[in-house]
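**Student:** Provided herewith is a single structure, encoded as structure tokens, for subsequent inquiry.
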Amino acid sequence: MTKVTMTVNGKTVSGEVKGNTLLTEFLREDLRLTGTHVGCDTSQCGACVVHVNGEAVKSCTMFAAEADGAEVTTIEGMANADGSLNVIQQAFQDYHGLQCGFCTPGMVMSAAALLKENPKPTEAEVRDHLEGNICRCTGYHNIVRAIMAASGQDVPAVAAE
Amino acid sequence: MYSFDIQRPTTVADAVAALATDEALPLGGGQTLIPTLKQRLSAPSVLVSLSGIAEMKGVCTGDDGALCIGGGTTHATVAREAASSYPALASLAGHIGDPAVRNRGTIGGSVANNDPSACYPAAVLASGATVVTNTRSIAADDYFQGMFATALNEGEIITEVRFPVPEKAAYMKFEQPASRFALVGVFVAKYAEGVRVAVTGASEDGVFRWTEAEAALSSNFSADAVPAAPSGDGMISDLHGSGAYRAHLVAVMTKRAVAAAG
Ligand SMILES: Cc1cc2nc3c(=O)[nH]c(=O)nc-3n(C[C@H](O)[C@H](O)[C@H](O)COP(=O)(O)OP(=O)(O)OC[C@H]3O[C@@H](n4cnc5c(N)ncnc54)[C@H](O)[C@@H]3O)c2cc1C
Ligand code: FES
Ligand code: FES
């Protein structure tokens, strides 16, 4: 076992992990932050996306020991300070960007990473950026619309090409 | 996964020392190795994480004008930092997998793994790059030795890859839509000494140079000069495409790459 210390959603946390403990396991099972989902566990679906030192990563494909000393943000850290939904989360609600909601934490974390780097993405850039996030329900159009809305841009009426 | 320890050295020397342990393996970005460990296809006793080694990260231009990329540099960093010096290479890095994979996966891991459908091996071979390890420098032509096989010895770490910058270059990838790896990918690079063409995704022997196309393009660098498709013998044949289909794609993607290089 190794001791790890990291900042998760602004709070310093420590724990004992094994070499093969994944970051998802540490977040979900040790810290009980179950908002980060595990869809595939094979780095395909993106439900587990969190930010490590500001960069989107698949937490099912990173060891907890490698996040020692890092700043981690999960979906639980995305709400506004008063607990209300942040602009991306609110847009997902407003534009029906979710149905079952399983992919949503990863979608929101990926969207947040995109908008930080590229505050006014084109629709094509949004779709391209979501390459690693799979949704079984929505058909993606409303997710793309939500992210366009969250970026303060006009929302495409029909997103499909 | 079987159980193992993780070590996080901060220098190449400490990593090399840690790798001297029996059954120790280097861990780059883990984007290939972690899925492999989950399938219990590998059972290391120790993983030596290279992600904390600052001297293995970054992109710079060497005295000879070559672009030097640290072995621990992520695909996302190459996409950003090589964009002005070697745009074809930056674009290749920027189209590997998806953004989260690019934030972890490294050039050293990709080149060490030498997946027959991976993108970087095509760039390394077409650029006549040099793979630098903790003990030696290996020319690309000697480095790749067939599917998943390389000149690396056990415990040897790729610390840097040096790319001579071509006059013109482009990489064209026909994506396998589910995995986003190359069904066939062709990297064309034009140097003063001649043109090099490297093909990934197609051959059962892994990445290879299409010498016929190199000869034709060295005398006439235009899409029309690309020869007829090579034979489908020895090309990968699977549910995504037959050997003949891949052979056909080799010529098509070469033409597109030459056209894109301009
Ligand atoms: C969803 C998904 C999509 C992908 N799409 C593509 C794609 O389109 N094109 C593509 O080319 N790749 C793709 N990949 C693979 C990706 O590029 C990996 O990052 C890369 O193949 C391995 O790099 P890594 O740093 O993650 O290495 P790891 O997974 O950590 O290691 C891979 C192997 O290399 C060894 N190793 C690692 N670093 C070094 C080093 N510096 N020196 C010596 N040995 C080392 C390890 O011991 C291991 O055997 C994809 C991966 C995923 C998960
Ligand atoms: S659970 Fe991590 S990518 Fe699917
Ligand atoms: S809303 Fe159900 S998977 Fe996306």
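How things are named: the first chain in the structure tokens is A, the next is B, and so on; residues count from 1 in each chain; ligands count from 1 in the order shown.
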Tell me the residues of chain B close to chain A, meaning within 12 Å using only C-alpha atoms, as a ChimeraX atom specification.
**Tutor:** /B:1-9,27-40,43-52,74,76-77,80,94-105,177-180
**Student:** As a PyMOL selection string, please: every residue in range 29-223 of chain B that DSSP puts in alpha helix (DSSP H).
**Tutor:** chain B and resi 33-38+75-81+87-94+99-104+107-113+120-126+140-143+211-219
**Student:** Quick one: residues within 6 Å of Phe148 in chain B, only C-alpha atoms counted, chain neighbours fewer than 2 positions away excluded, as a PyMOL selection string?
**Tutor:** chain B and resi 113-115
**Student:** Could you take the residues named above and write them with C-alpha atoms, as an mmCIF file, in the first residue's frame?
**Tutor:**
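File written: result_16.cif
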```
data_model
loop_
_atom_site.group_PDB
_atom_site.id
_atom_site.type_symbol
_atom_site.label_atom_id
_atom_site.label_comp_id
_atom_site.auth_asym_id
_atom_site.auth_seq_id
_atom_site.Cartn_x
_atom_site.Cartn_y
_atom_site.Cartn_z
ATOM 1 C CA ASN B 113 4.431 -0.629 -28.203
ATOM 2 C CA ASN B 114 4.647 -0.579 -32.035
ATOM 3 C CA ASP B 115 1.023 -1.573 -32.537
#
```
**Student:** Please identify all protein, DNA and RNA residues within 12 Å of ligand 3, counting only C-alpha atoms and all ligand atoms, and report them as a ChimeraX atom specification.
**Tutor:** /A:37-40,45-47,92-93,96-108,133-143
**Student:** Okay, now the selection with N, CA and C atoms, as a CSV table (one decimal), in the first residue's frame?
**Tutor:**
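And here is the file that came out, part.csv:
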```csv
chain,number,residue,atom,x,y,z
A,37,HIS,N,-18.7,7.9,-13.3
A,37,HIS,CA,-19.3,6.6,-13.6
A,37,HIS,C,-18.3,5.7,-14.4
A,38,VAL,N,-18.5,4.4,-14.3
A,38,VAL,CA,-17.7,3.5,-15.0
A,38,VAL,C,-18.6,2.8,-16.0
A,39,GLY,N,-18.5,3.1,-17.3
A,39,GLY,CA,-19.3,2.5,-18.3
A,39,GLY,C,-18.7,1.3,-18.9
A,40,CYS,N,-17.4,1.4,-19.3
A,40,CYS,CA,-16.8,0.3,-20.0
A,40,CYS,C,-15.6,-0.3,-19.3
A,45,CYS,N,-15.5,4.7,-23.4
A,45,CYS,CA,-16.8,5.4,-23.3
A,45,CYS,C,-16.8,6.8,-22.7
A,46,GLY,N,-15.8,7.1,-21.9
A,46,GLY,CA,-15.7,8.4,-21.4
A,46,GLY,C,-16.6,8.8,-20.2
A,47,ALA,N,-17.4,7.8,-19.7
A,47,ALA,CA,-18.2,8.1,-18.6
A,47,ALA,C,-17.4,8.5,-17.3
A,92,PHE,N,-27.5,21.4,-20.1
A,92,PHE,CA,-27.9,20.0,-20.3
A,92,PHE,C,-29.3,19.8,-19.9
A,93,GLN,N,-29.7,20.4,-18.8
A,93,GLN,CA,-31.1,20.3,-18.4
A,93,GLN,C,-32.1,21.0,-19.4
A,96,HIS,N,-32.3,19.2,-22.8
A,96,HIS,CA,-32.5,17.7,-22.7
A,96,HIS,C,-31.3,17.0,-23.2
A,97,GLY,N,-30.2,17.4,-22.7
A,97,GLY,CA,-28.9,16.7,-23.1
A,97,GLY,C,-28.7,15.4,-22.4
A,98,LEU,N,-29.7,14.9,-21.7
A,98,LEU,CA,-29.5,13.6,-21.1
A,98,LEU,C,-30.9,12.9,-21.0
A,99,GLN,N,-30.8,11.6,-21.0
A,99,GLN,CA,-32.0,10.8,-20.8
A,99,GLN,C,-31.7,9.9,-19.5
A,100,CYS,N,-31.0,8.8,-19.7
A,100,CYS,CA,-30.7,8.0,-18.5
A,100,CYS,C,-29.7,8.7,-17.6
A,101,GLY,N,-28.9,9.6,-18.1
A,101,GLY,CA,-27.9,10.3,-17.3
A,101,GLY,C,-26.6,9.6,-17.1
A,102,PHE,N,-26.4,8.4,-17.6
A,102,PHE,CA,-25.2,7.6,-17.2
A,102,PHE,C,-24.0,8.3,-17.8
A,103,CYS,N,-24.1,8.8,-19.0
A,103,CYS,CA,-22.9,9.4,-19.7
A,103,CYS,C,-22.6,10.8,-19.2
A,104,THR,N,-23.6,11.4,-18.6
A,104,THR,CA,-23.6,12.8,-18.3
A,104,THR,C,-22.4,13.4,-17.6
A,105,PRO,N,-22.0,12.7,-16.5
A,105,PRO,CA,-20.8,13.3,-15.8
A,105,PRO,C,-19.6,13.4,-16.7
A,106,GLY,N,-19.4,12.4,-17.5
A,106,GLY,CA,-18.2,12.5,-18.4
A,106,GLY,C,-18.5,13.5,-19.5
A,107,MET,N,-19.7,13.6,-20.0
A,107,MET,CA,-20.0,14.6,-21.0
A,107,MET,C,-19.7,16.0,-20.5
A,108,VAL,N,-20.2,16.3,-19.3
A,108,VAL,CA,-20.0,17.6,-18.7
A,108,VAL,C,-18.6,17.9,-18.5
A,133,ASN,N,-16.5,10.2,-25.9
A,133,ASN,CA,-17.7,10.1,-25.0
A,133,ASN,C,-18.8,9.5,-25.7
A,134,ILE,N,-19.2,8.3,-25.2
A,134,ILE,CA,-20.3,7.6,-25.8
A,134,ILE,C,-21.6,7.7,-25.0
A,135,CYS,N,-22.7,8.0,-25.7
A,135,CYS,CA,-24.1,8.1,-25.1
A,135,CYS,C,-25.0,7.1,-25.8
A,136,ARG,N,-25.6,6.2,-25.1
A,136,ARG,CA,-26.5,5.2,-25.7
A,136,ARG,C,-27.9,5.8,-25.9
A,137,CYS,N,-28.2,7.0,-25.3
A,137,CYS,CA,-29.6,7.4,-25.3
A,137,CYS,C,-30.0,8.5,-26.3
A,138,THR,N,-29.2,9.6,-26.2
A,138,THR,CA,-29.7,10.9,-26.8
A,138,THR,C,-29.5,11.0,-28.3
A,139,GLY,N,-28.6,10.2,-28.8
A,139,GLY,CA,-28.3,10.5,-30.2
A,139,GLY,C,-27.4,11.7,-30.4
A,140,TYR,N,-26.9,12.2,-29.3
A,140,TYR,CA,-25.9,13.3,-29.3
A,140,TYR,C,-26.4,14.7,-29.6
A,141,HIS,N,-27.4,14.8,-30.5
A,141,HIS,CA,-27.8,16.2,-30.9
A,141,HIS,C,-28.1,17.1,-29.8
A,142,ASN,N,-28.8,16.7,-28.8
A,142,ASN,CA,-29.2,17.6,-27.7
A,142,ASN,C,-28.0,17.9,-26.8
A,143,ILE,N,-27.0,17.0,-26.8
A,143,ILE,CA,-25.8,17.2,-26.0
A,143,ILE,C,-25.0,18.3,-26.7
```
**Student:** Which polymer residues have any atom within 12 Å of an atom of Thr254 in chain B, counting only C-alpha atoms, with same-chain residues fewer than 4 positions away left out, as a PyMOL selection string?
**Tutor:** chain B and resi 169-174+184-189+195-200+209-210+212-214+216-217+221-230+247-250+258-261
**Student:** Among the residues of range 6-251 of chain B, find those DSSP assigns to strand (DSSP E or B) from the backbone and print them as an MDAnalysis selection string.
**Tutor:** chainID B and resid 6:7 24:27 46:49 59:61 67:70 74 106 130:133 137:139 144 150 158:163 168:175 182:191 194:200 203 208:209 235 238 241
**Student:** Please compute the CA of Ala139 in chain B-CA of Ser231 in chain B distance, one decimal, in Å.
**Tutor:**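 Spanning CA of Ala139 in chain B to CA of Ser231 in chain B is a straight-line distance of 27.3 Å.
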**Student:** In Å, rounded to a single decimal, give me how far CA of Gly241 in chain B is from atom 1 (S, counted along the ligand's line) of ligand 2.
**Tutor:** 28.2 Å
**Student:** Determine, counting only C-alpha atoms, which protein, DNA and RNA residues have an atom within 9 Å of an atom of range 115-117 of chain A; residues of the same chain fewer than 4 positions away are not included. Present the result as a list in words.
**Tutor:** Ser110, Ala111, Pro121, Ile147, Ala150 and Ser151 of chain A
**Student:** List as JSON, numbers by chain the protein and nucleic acid residues near Val16 in chain B, meaning an atom at most 9 Å away when only C-alpha atoms are counted, but skip any in the same chain fewer than 2 places from it.
**Tutor:** {"B": [11, 12, 13, 14, 18, 19, 20, 48, 134, 155, 156, 157]}
**Student:** Write the residues you've just listed into a file as a PDB file, in the first residue's frame, and include C-alpha atoms for each of them.
**Tutor:**
```
ATOM      1  CA  THR B  11      14.972  11.061 -13.114  1.00  0.00           C
ATOM      2  CA  VAL B  12      15.830   8.707 -15.982  1.00  0.00           C
ATOM      3  CA  ALA B  13      18.691   7.276 -13.910  1.00  0.00           C
ATOM      4  CA  ASP B  14      16.331   6.330 -11.065  1.00  0.00           C
ATOM      5  CA  ALA B  18      14.042   0.645 -10.739  1.00  0.00           C
ATOM      6  CA  LEU B  19      13.580  -1.243 -14.019  1.00  0.00           C
ATOM      7  CA  ALA B  20      16.467  -3.542 -13.106  1.00  0.00           C
ATOM      8  CA  VAL B  48       7.907   2.217 -13.093  1.00  0.00           C
ATOM      9  CA  ASN B 134      18.932   5.661 -22.017  1.00  0.00           C
ATOM     10  CA  GLY B 155      14.374  -2.227 -19.250  1.00  0.00           C
ATOM     11  CA  GLU B 156      15.465   0.179 -22.004  1.00  0.00           C
ATOM     12  CA  ILE B 157      13.582   3.498 -21.966  1.00  0.00           C
TER      13      ILE B 157
END
```
